[in-house]
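The next block is protein-v5.cif, given as mmCIF, C-alpha atoms and all ligand atoms.
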data_structure
loop_
_atom_site.group_PDB
_atom_site.id
_atom_site.type_symbol
_atom_site.label_atom_id
_atom_site.label_comp_id
_atom_site.auth_asym_id
_atom_site.auth_seq_id
_atom_site.Cartn_x
_atom_site.Cartn_y
_atom_site.Cartn_z
ATOM 1 C CA MET A 366 32.254 -16.439 -32.856
ATOM 2 C CA ILE A 367 32.772 -20.152 -32.354
ATOM 3 C CA THR A 368 32.992 -21.134 -28.695
ATOM 4 C CA LEU A 369 33.739 -24.379 -26.862
ATOM 5 C CA PRO A 370 30.399 -25.915 -25.827
ATOM 6 C CA GLU A 371 29.952 -27.207 -22.292
ATOM 7 C CA LEU A 372 30.453 -30.942 -21.866
ATOM 8 C CA PRO A 373 26.976 -32.450 -21.362
ATOM 9 C CA TYR A 374 28.186 -34.262 -18.198
ATOM 10 C CA ALA A 375 30.904 -34.086 -15.547
ATOM 11 C CA LYS A 376 34.414 -35.100 -16.622
ATOM 12 C CA ASP A 377 34.263 -38.218 -14.439
ATOM 13 C CA ALA A 378 30.780 -39.251 -15.613
ATOM 14 C CA LEU A 379 31.943 -41.750 -18.243
ATOM 15 C CA ALA A 380 34.486 -43.554 -16.041
ATOM 16 C CA PRO A 381 35.709 -46.229 -16.078
ATOM 17 C CA VAL A 382 34.981 -46.625 -19.802
ATOM 18 C CA ILE A 383 36.463 -43.180 -20.535
ATOM 19 C CA SER A 384 38.377 -41.690 -17.611
ATOM 20 C CA ALA A 385 38.237 -38.141 -16.282
ATOM 21 C CA ASN A 386 41.906 -37.916 -17.228
ATOM 22 C CA THR A 387 41.093 -38.635 -20.881
ATOM 23 C CA LEU A 388 38.311 -36.027 -20.859
ATOM 24 C CA GLU A 389 40.613 -33.463 -19.216
ATOM 25 C CA PHE A 390 42.920 -33.770 -22.216
ATOM 26 C CA HIS A 391 40.482 -34.685 -24.977
ATOM 27 C CA TYR A 392 37.864 -32.030 -24.187
ATOM 28 C CA GLY A 393 39.948 -29.584 -22.175
ATOM 29 C CA LYS A 394 43.005 -29.513 -24.445
ATOM 30 C CA HIS A 395 42.307 -31.041 -27.879
ATOM 31 C CA HIS A 396 38.742 -29.813 -28.432
ATOM 32 C CA ARG A 397 39.598 -26.403 -26.975
ATOM 33 C CA ALA A 398 42.638 -26.134 -29.267
ATOM 34 C CA TYR A 399 40.488 -26.715 -32.355
ATOM 35 C CA VAL A 400 38.140 -23.928 -31.200
ATOM 36 C CA ASP A 401 41.028 -21.557 -30.490
ATOM 37 C CA ASN A 402 42.816 -22.341 -33.769
ATOM 38 C CA LEU A 403 39.635 -21.876 -35.780
ATOM 39 C CA GLY A 404 39.018 -18.508 -34.151
ATOM 40 C CA LYS A 405 42.496 -17.309 -35.147
ATOM 41 C CA LEU A 406 42.154 -18.619 -38.712
ATOM 42 C CA ILE A 407 38.790 -16.964 -39.436
ATOM 43 C CA ALA A 408 39.398 -13.670 -37.592
ATOM 44 C CA GLY A 409 38.985 -10.779 -40.007
ATOM 45 C CA THR A 410 37.765 -13.013 -42.861
ATOM 46 C CA ASP A 411 34.306 -13.344 -44.400
ATOM 47 C CA LEU A 412 33.831 -16.476 -42.270
ATOM 48 C CA ALA A 413 34.418 -14.705 -38.949
ATOM 49 C CA GLU A 414 30.713 -14.497 -38.070
ATOM 50 C CA ALA A 415 29.524 -17.567 -39.991
ATOM 51 C CA PRO A 416 27.860 -20.507 -38.207
ATOM 52 C CA LEU A 417 30.081 -23.568 -37.797
ATOM 53 C CA GLU A 418 28.165 -25.725 -40.302
ATOM 54 C CA GLU A 419 28.459 -23.020 -42.948
ATOM 55 C CA ILE A 420 32.225 -22.724 -42.371
ATOM 56 C CA ILE A 421 32.561 -26.484 -42.856
ATOM 57 C CA ARG A 422 30.466 -26.597 -46.035
ATOM 58 C CA LYS A 423 32.146 -23.550 -47.582
ATOM 59 C CA THR A 424 35.712 -24.792 -47.015
ATOM 60 C CA ALA A 425 35.275 -28.533 -47.711
ATOM 61 C CA GLY A 426 37.417 -29.704 -50.609
ATOM 62 C CA ASP A 427 39.297 -26.402 -50.950
ATOM 63 C CA PRO A 428 43.040 -27.046 -50.447
ATOM 64 C CA ALA A 429 43.621 -23.327 -49.768
ATOM 65 C CA LYS A 430 41.164 -23.522 -46.849
ATOM 66 C CA ALA A 431 42.292 -26.880 -45.446
ATOM 67 C CA GLY A 432 43.400 -25.395 -42.124
ATOM 68 C CA ILE A 433 40.025 -23.765 -41.538
ATOM 69 C CA PHE A 434 38.147 -26.874 -42.639
ATOM 70 C CA ASN A 435 40.194 -29.207 -40.436
ATOM 71 C CA ASN A 436 39.734 -27.127 -37.290
ATOM 72 C CA ALA A 437 36.062 -26.358 -37.962
ATOM 73 C CA ALA A 438 35.217 -29.978 -38.716
ATOM 74 C CA GLN A 439 37.062 -31.134 -35.607
ATOM 75 C CA VAL A 440 35.117 -28.626 -33.481
ATOM 76 C CA TRP A 441 31.842 -29.952 -34.901
ATOM 77 C CA ASN A 442 32.847 -33.641 -34.731
ATOM 78 C CA HIS A 443 33.859 -33.384 -31.073
ATOM 79 C CA SER A 444 30.772 -31.436 -29.991
ATOM 80 C CA PHE A 445 28.722 -34.149 -31.697
ATOM 81 C CA TYR A 446 30.774 -37.003 -30.190
ATOM 82 C CA TRP A 447 30.291 -35.845 -26.588
ATOM 83 C CA GLN A 448 26.532 -35.919 -27.098
ATOM 84 C CA CYS A 449 26.718 -39.456 -28.494
ATOM 85 C CA LEU A 450 27.893 -40.701 -25.091
ATOM 86 C CA LYS A 451 26.258 -40.978 -21.684
ATOM 87 C CA ALA A 452 26.817 -42.879 -18.468
ATOM 88 C CA GLY A 453 24.749 -46.053 -18.435
ATOM 89 C CA GLY A 454 24.221 -45.970 -22.195
ATOM 90 C CA GLY A 455 25.140 -48.479 -24.852
ATOM 91 C CA GLY A 456 23.793 -51.900 -25.520
ATOM 92 C CA ALA A 457 20.909 -52.638 -27.862
ATOM 93 C CA PRO A 458 19.278 -49.573 -29.427
ATOM 94 C CA THR A 459 15.943 -48.196 -28.281
ATOM 95 C CA GLY A 460 13.381 -46.036 -30.033
ATOM 96 C CA ALA A 461 12.886 -45.403 -33.731
ATOM 97 C CA VAL A 462 16.435 -46.320 -34.742
ATOM 98 C CA ALA A 463 16.139 -49.894 -33.390
ATOM 99 C CA PRO A 464 13.952 -51.332 -36.186
ATOM 100 C CA LYS A 465 15.978 -49.406 -38.778
ATOM 101 C CA ILE A 466 19.195 -51.022 -37.534
ATOM 102 C CA ALA A 467 17.534 -54.429 -37.500
ATOM 103 C CA ALA A 468 16.332 -53.868 -41.073
ATOM 104 C CA ALA A 469 19.719 -52.665 -42.332
ATOM 105 C CA TRP A 470 22.011 -55.190 -40.604
ATOM 106 C CA GLY A 471 19.736 -58.040 -39.592
ATOM 107 C CA SER A 472 20.706 -57.889 -35.942
ATOM 108 C CA TYR A 473 22.229 -55.621 -33.310
ATOM 109 C CA GLU A 474 25.203 -57.996 -33.081
ATOM 110 C CA LYS A 475 25.946 -57.611 -36.796
ATOM 111 C CA PHE A 476 25.593 -53.837 -36.520
ATOM 112 C CA VAL A 477 28.097 -53.772 -33.641
ATOM 113 C CA GLU A 478 30.517 -55.931 -35.626
ATOM 114 C CA GLU A 479 30.373 -53.550 -38.604
ATOM 115 C CA LEU A 480 30.600 -50.371 -36.497
ATOM 116 C CA LYS A 481 33.598 -51.770 -34.611
ATOM 117 C CA ASN A 482 35.175 -52.877 -37.846
ATOM 118 C CA ALA A 483 34.835 -49.381 -39.320
ATOM 119 C CA GLY A 484 36.647 -47.941 -36.292
ATOM 120 C CA VAL A 485 39.340 -50.590 -36.145
ATOM 121 C CA THR A 486 40.119 -50.415 -39.878
ATOM 122 C CA GLN A 487 40.290 -46.607 -40.097
ATOM 123 C CA PHE A 488 44.036 -46.367 -40.752
ATOM 124 C CA GLY A 489 45.530 -43.646 -38.574
ATOM 125 C CA SER A 490 43.294 -40.929 -37.157
ATOM 126 C CA GLY A 491 39.619 -40.535 -37.909
ATOM 127 C CA TRP A 492 36.043 -41.338 -37.024
ATOM 128 C CA ALA A 493 33.509 -44.158 -37.376
ATOM 129 C CA TRP A 494 29.918 -43.049 -38.030
ATOM 130 C CA LEU A 495 26.343 -44.164 -38.347
ATOM 131 C CA VAL A 496 24.791 -41.859 -40.947
ATOM 132 C CA LEU A 497 21.655 -41.339 -42.977
ATOM 133 C CA ASP A 498 22.562 -41.257 -46.658
ATOM 134 C CA GLY A 499 19.455 -40.464 -48.651
ATOM 135 C CA GLY A 500 16.980 -42.528 -46.672
ATOM 136 C CA ASP A 501 19.425 -45.327 -45.867
ATOM 137 C CA LEU A 502 21.325 -46.037 -42.668
ATOM 138 C CA LYS A 503 25.018 -46.591 -43.387
ATOM 139 C CA ILE A 504 28.185 -47.139 -41.376
ATOM 140 C CA VAL A 505 31.057 -45.080 -42.746
ATOM 141 C CA LYS A 506 34.520 -44.015 -41.632
ATOM 142 C CA THR A 507 36.286 -40.711 -42.243
ATOM 143 C CA ALA A 508 39.974 -39.801 -42.020
ATOM 144 C CA ASN A 509 41.386 -37.085 -39.796
ATOM 145 C CA ALA A 510 38.850 -34.222 -39.552
ATOM 146 C CA ASP A 511 36.611 -35.306 -42.417
ATOM 147 C CA THR A 512 32.933 -35.343 -41.523
ATOM 148 C CA PRO A 513 29.653 -36.610 -43.065
ATOM 149 C CA LEU A 514 28.457 -32.987 -42.985
ATOM 150 C CA ALA A 515 30.847 -32.293 -45.875
ATOM 151 C CA ARG A 516 29.549 -35.290 -47.846
ATOM 152 C CA GLY A 517 25.821 -34.636 -47.852
ATOM 153 C CA GLN A 518 25.182 -37.282 -45.193
ATOM 154 C CA LYS A 519 23.341 -36.753 -41.897
ATOM 155 C CA ALA A 520 25.351 -37.889 -38.881
ATOM 156 C CA LEU A 521 23.455 -39.996 -36.333
ATOM 157 C CA LEU A 522 26.309 -41.339 -34.187
ATOM 158 C CA THR A 523 30.093 -41.108 -34.106
ATOM 159 C CA LEU A 524 33.030 -42.734 -32.400
ATOM 160 C CA ASP A 525 36.342 -40.873 -32.267
ATOM 161 C CA VAL A 526 39.202 -43.210 -33.163
ATOM 162 C CA TRP A 527 42.053 -40.704 -32.940
ATOM 163 C CA GLU A 528 44.606 -42.096 -30.469
ATOM 164 C CA HIS A 529 43.944 -39.125 -28.152
ATOM 165 C CA ALA A 530 40.424 -40.540 -27.626
ATOM 166 C CA TYR A 531 41.628 -43.752 -25.985
ATOM 167 C CA TYR A 532 45.390 -43.926 -25.470
ATOM 168 C CA LEU A 533 45.443 -42.905 -21.792
ATOM 169 C CA ASP A 534 42.858 -45.582 -20.922
ATOM 170 C CA TYR A 535 43.473 -48.348 -23.479
ATOM 171 C CA GLN A 536 46.959 -47.584 -24.892
ATOM 172 C CA ASN A 537 47.045 -49.200 -28.338
ATOM 173 C CA ARG A 538 43.927 -51.334 -27.800
ATOM 174 C CA ARG A 539 41.513 -49.464 -30.072
ATOM 175 C CA PRO A 540 39.196 -52.525 -30.407
ATOM 176 C CA ASP A 541 38.776 -52.652 -26.607
ATOM 177 C CA TYR A 542 37.915 -48.936 -26.464
ATOM 178 C CA LEU A 543 35.351 -49.360 -29.243
ATOM 179 C CA ALA A 544 33.759 -52.420 -27.648
ATOM 180 C CA ALA A 545 33.483 -50.673 -24.269
ATOM 181 C CA VAL A 546 32.002 -47.465 -25.673
ATOM 182 C CA ILE A 547 29.517 -49.270 -27.918
ATOM 183 C CA GLY A 548 28.497 -51.595 -25.109
ATOM 184 C CA ARG A 549 28.271 -49.066 -22.281
ATOM 185 C CA LEU A 550 28.108 -45.428 -23.443
ATOM 186 C CA ILE A 551 26.105 -44.878 -26.644
ATOM 187 C CA ASN A 552 23.322 -42.354 -26.056
ATOM 188 C CA TRP A 553 20.512 -43.843 -28.156
ATOM 189 C CA ASP A 554 18.189 -40.945 -27.228
ATOM 190 C CA PHE A 555 20.610 -38.604 -28.997
ATOM 191 C CA VAL A 556 20.816 -40.941 -32.008
ATOM 192 C CA ASN A 557 17.011 -40.995 -32.206
ATOM 193 C CA ALA A 558 16.845 -37.213 -31.923
ATOM 194 C CA ASN A 559 19.184 -36.961 -34.914
ATOM 195 C CA LEU A 560 16.904 -39.220 -36.950
ATOM 196 C CA GLY A 561 14.171 -36.620 -36.463
HETATM 197 MN MN MN A 601 39.213 -36.389 -30.617
#
Represent the structure from my file as C-alpha cells, please.
Amino acid sequence: MITLPELPYAKDALAPVISANTLEFHYGKHHRAYVDNLGKLIAGTDLAEAPLEEIIRKTAGDPAKAGIFNNAAQVWNHSFYWQCLKAGGGGAPTGAVAPKIAAAWGSYEKFVEELKNAGVTQFGSGWAWLVLDGGDLKIVKTANADTPLARGQKALLTLDVWEHAYYLDYQNRRPDYLAAVIGRLINWDFVNANLG
C-alpha cells in the first residue's frame, strides 16, 4: 500500500521562494494524484504489496508497464524532492558533500551553474539531479517521471522542473525558480545523509 507521505514542513514554510499556494497544488493535488493513480494501477496485481522502489525497478523500461512506472517514479521523485528543501537552506554546501563538490566542479559557483543549466535545458517536463554514479558525483537531468533509481544511480539531490513546480510563483521563468531554490532552500543535511 503506497501512501502519500507527510510534507516535512508546513505548506507556508518555503515562502516566498515557493508559496503555500504552489505547495497546495503541487503536494496536495499533483503528488496525491500520483499516489492515487498508482494505487489503482497496482490493485490486484503482483505489485500491490511491493515497496515503491521495487515497483520502480521492476517496471522501468517495460512499455507495457509505463503507466505504473510513471506514477510510481513520480511518487518517489516528489517524496525525495520535498526532503531536498528546507526554509533557510541553500547557499554553499556543508558537511561531507562540500569537498566532493569542490573536487568535482572546482567551485560552488561552477556547480550551481551546471545544476541550473541541467534544469533550464531539460526540454519540457523533468528533473535535475545531483547523483552518485559509481563513486563519482554527477549532475544529470531526466525527462518526465524518469529517475536515477531506474538507472543504477544514487540520488543525492533533485530539483523538479515540471511547470507545476514553479508556474504559480514564477510563471515561465524557470531559471529564476532554480536560482532561488538553489540559493535559499537546498537542505544540505539531507544531501549529506544520502551520501551515507
Ligand atoms: Mn512535481
>> I'd like to see the residues matched by the PyMOL selection byres (((not hetatm)) within 7 of (chain A and resi 601)) on this file, and ideally I'd get them as an NGL selection string.
In response: :A and (391 or 395-396 or 443 or 525 or 527 or 529-530)
> Looking at A:Leu524, A:Leu388, A:Ile367, A:Ala378, which one is nearest to Val400 in chain A, with distances taken over all atoms listed in the file?
Replying inline: A:Ile367
>> Starting from the PyMOL selection byres (((chain A and resi 462-471) around 10) and not hetatm), expand the selection into actual residues of this file and give them as JSON, numbers by chain.
In response: {"A": [457, 458, 459, 460, 461, 472, 473, 474, 475, 476, 477, 478, 479, 495, 501, 502, 503, 521, 553, 554, 556, 557, 558, 559, 560]}
> With distances taken over all atoms listed in the file, which of A:Ile547, A:Cys449, A:Leu369, A:Val526 is nearest to Lys394 in chain A?
Replying inline: A:Leu369
Residue members of the PyMOL selection byres (((chain A and resi 440) around 12) and not hetatm) in the file shown, as a PDB file with C-alpha atoms, keeping the file's coordinate frame:
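Just written: part.pdb:
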ATOM      1  CA  ILE A 367      32.772 -20.152 -32.354  1.00  0.00           C
ATOM      2  CA  THR A 368      32.992 -21.134 -28.695  1.00  0.00           C
ATOM      3  CA  LEU A 369      33.739 -24.379 -26.862  1.00  0.00           C
ATOM      4  CA  PRO A 370      30.399 -25.915 -25.827  1.00  0.00           C
ATOM      5  CA  HIS A 391      40.482 -34.685 -24.977  1.00  0.00           C
ATOM      6  CA  TYR A 392      37.864 -32.030 -24.187  1.00  0.00           C
ATOM      7  CA  HIS A 395      42.307 -31.041 -27.879  1.00  0.00           C
ATOM      8  CA  HIS A 396      38.742 -29.813 -28.432  1.00  0.00           C
ATOM      9  CA  ARG A 397      39.598 -26.403 -26.975  1.00  0.00           C
ATOM     10  CA  ALA A 398      42.638 -26.134 -29.267  1.00  0.00           C
ATOM     11  CA  TYR A 399      40.488 -26.715 -32.355  1.00  0.00           C
ATOM     12  CA  VAL A 400      38.140 -23.928 -31.200  1.00  0.00           C
ATOM     13  CA  ASP A 401      41.028 -21.557 -30.490  1.00  0.00           C
ATOM     14  CA  ASN A 402      42.816 -22.341 -33.769  1.00  0.00           C
ATOM     15  CA  LEU A 403      39.635 -21.876 -35.780  1.00  0.00           C
ATOM     16  CA  GLY A 404      39.018 -18.508 -34.151  1.00  0.00           C
ATOM     17  CA  PRO A 416      27.860 -20.507 -38.207  1.00  0.00           C
ATOM     18  CA  LEU A 417      30.081 -23.568 -37.797  1.00  0.00           C
ATOM     19  CA  GLU A 418      28.165 -25.725 -40.302  1.00  0.00           C
ATOM     20  CA  ILE A 420      32.225 -22.724 -42.371  1.00  0.00           C
ATOM     21  CA  ILE A 421      32.561 -26.484 -42.856  1.00  0.00           C
ATOM     22  CA  ILE A 433      40.025 -23.765 -41.538  1.00  0.00           C
ATOM     23  CA  PHE A 434      38.147 -26.874 -42.639  1.00  0.00           C
ATOM     24  CA  ASN A 435      40.194 -29.207 -40.436  1.00  0.00           C
ATOM     25  CA  ASN A 436      39.734 -27.127 -37.290  1.00  0.00           C
ATOM     26  CA  ALA A 437      36.062 -26.358 -37.962  1.00  0.00           C
ATOM     27  CA  ALA A 438      35.217 -29.978 -38.716  1.00  0.00           C
ATOM     28  CA  GLN A 439      37.062 -31.134 -35.607  1.00  0.00           C
ATOM     29  CA  TRP A 441      31.842 -29.952 -34.901  1.00  0.00           C
ATOM     30  CA  ASN A 442      32.847 -33.641 -34.731  1.00  0.00           C
ATOM     31  CA  HIS A 443      33.859 -33.384 -31.073  1.00  0.00           C
ATOM     32  CA  SER A 444      30.772 -31.436 -29.991  1.00  0.00           C
ATOM     33  CA  PHE A 445      28.722 -34.149 -31.697  1.00  0.00           C
ATOM     34  CA  TYR A 446      30.774 -37.003 -30.190  1.00  0.00           C
ATOM     35  CA  TRP A 447      30.291 -35.845 -26.588  1.00  0.00           C
ATOM     36  CA  ALA A 510      38.850 -34.222 -39.552  1.00  0.00           C
ATOM     37  CA  ASP A 511      36.611 -35.306 -42.417  1.00  0.00           C
ATOM     38  CA  THR A 512      32.933 -35.343 -41.523  1.00  0.00           C
TER      39      THR A 512
END
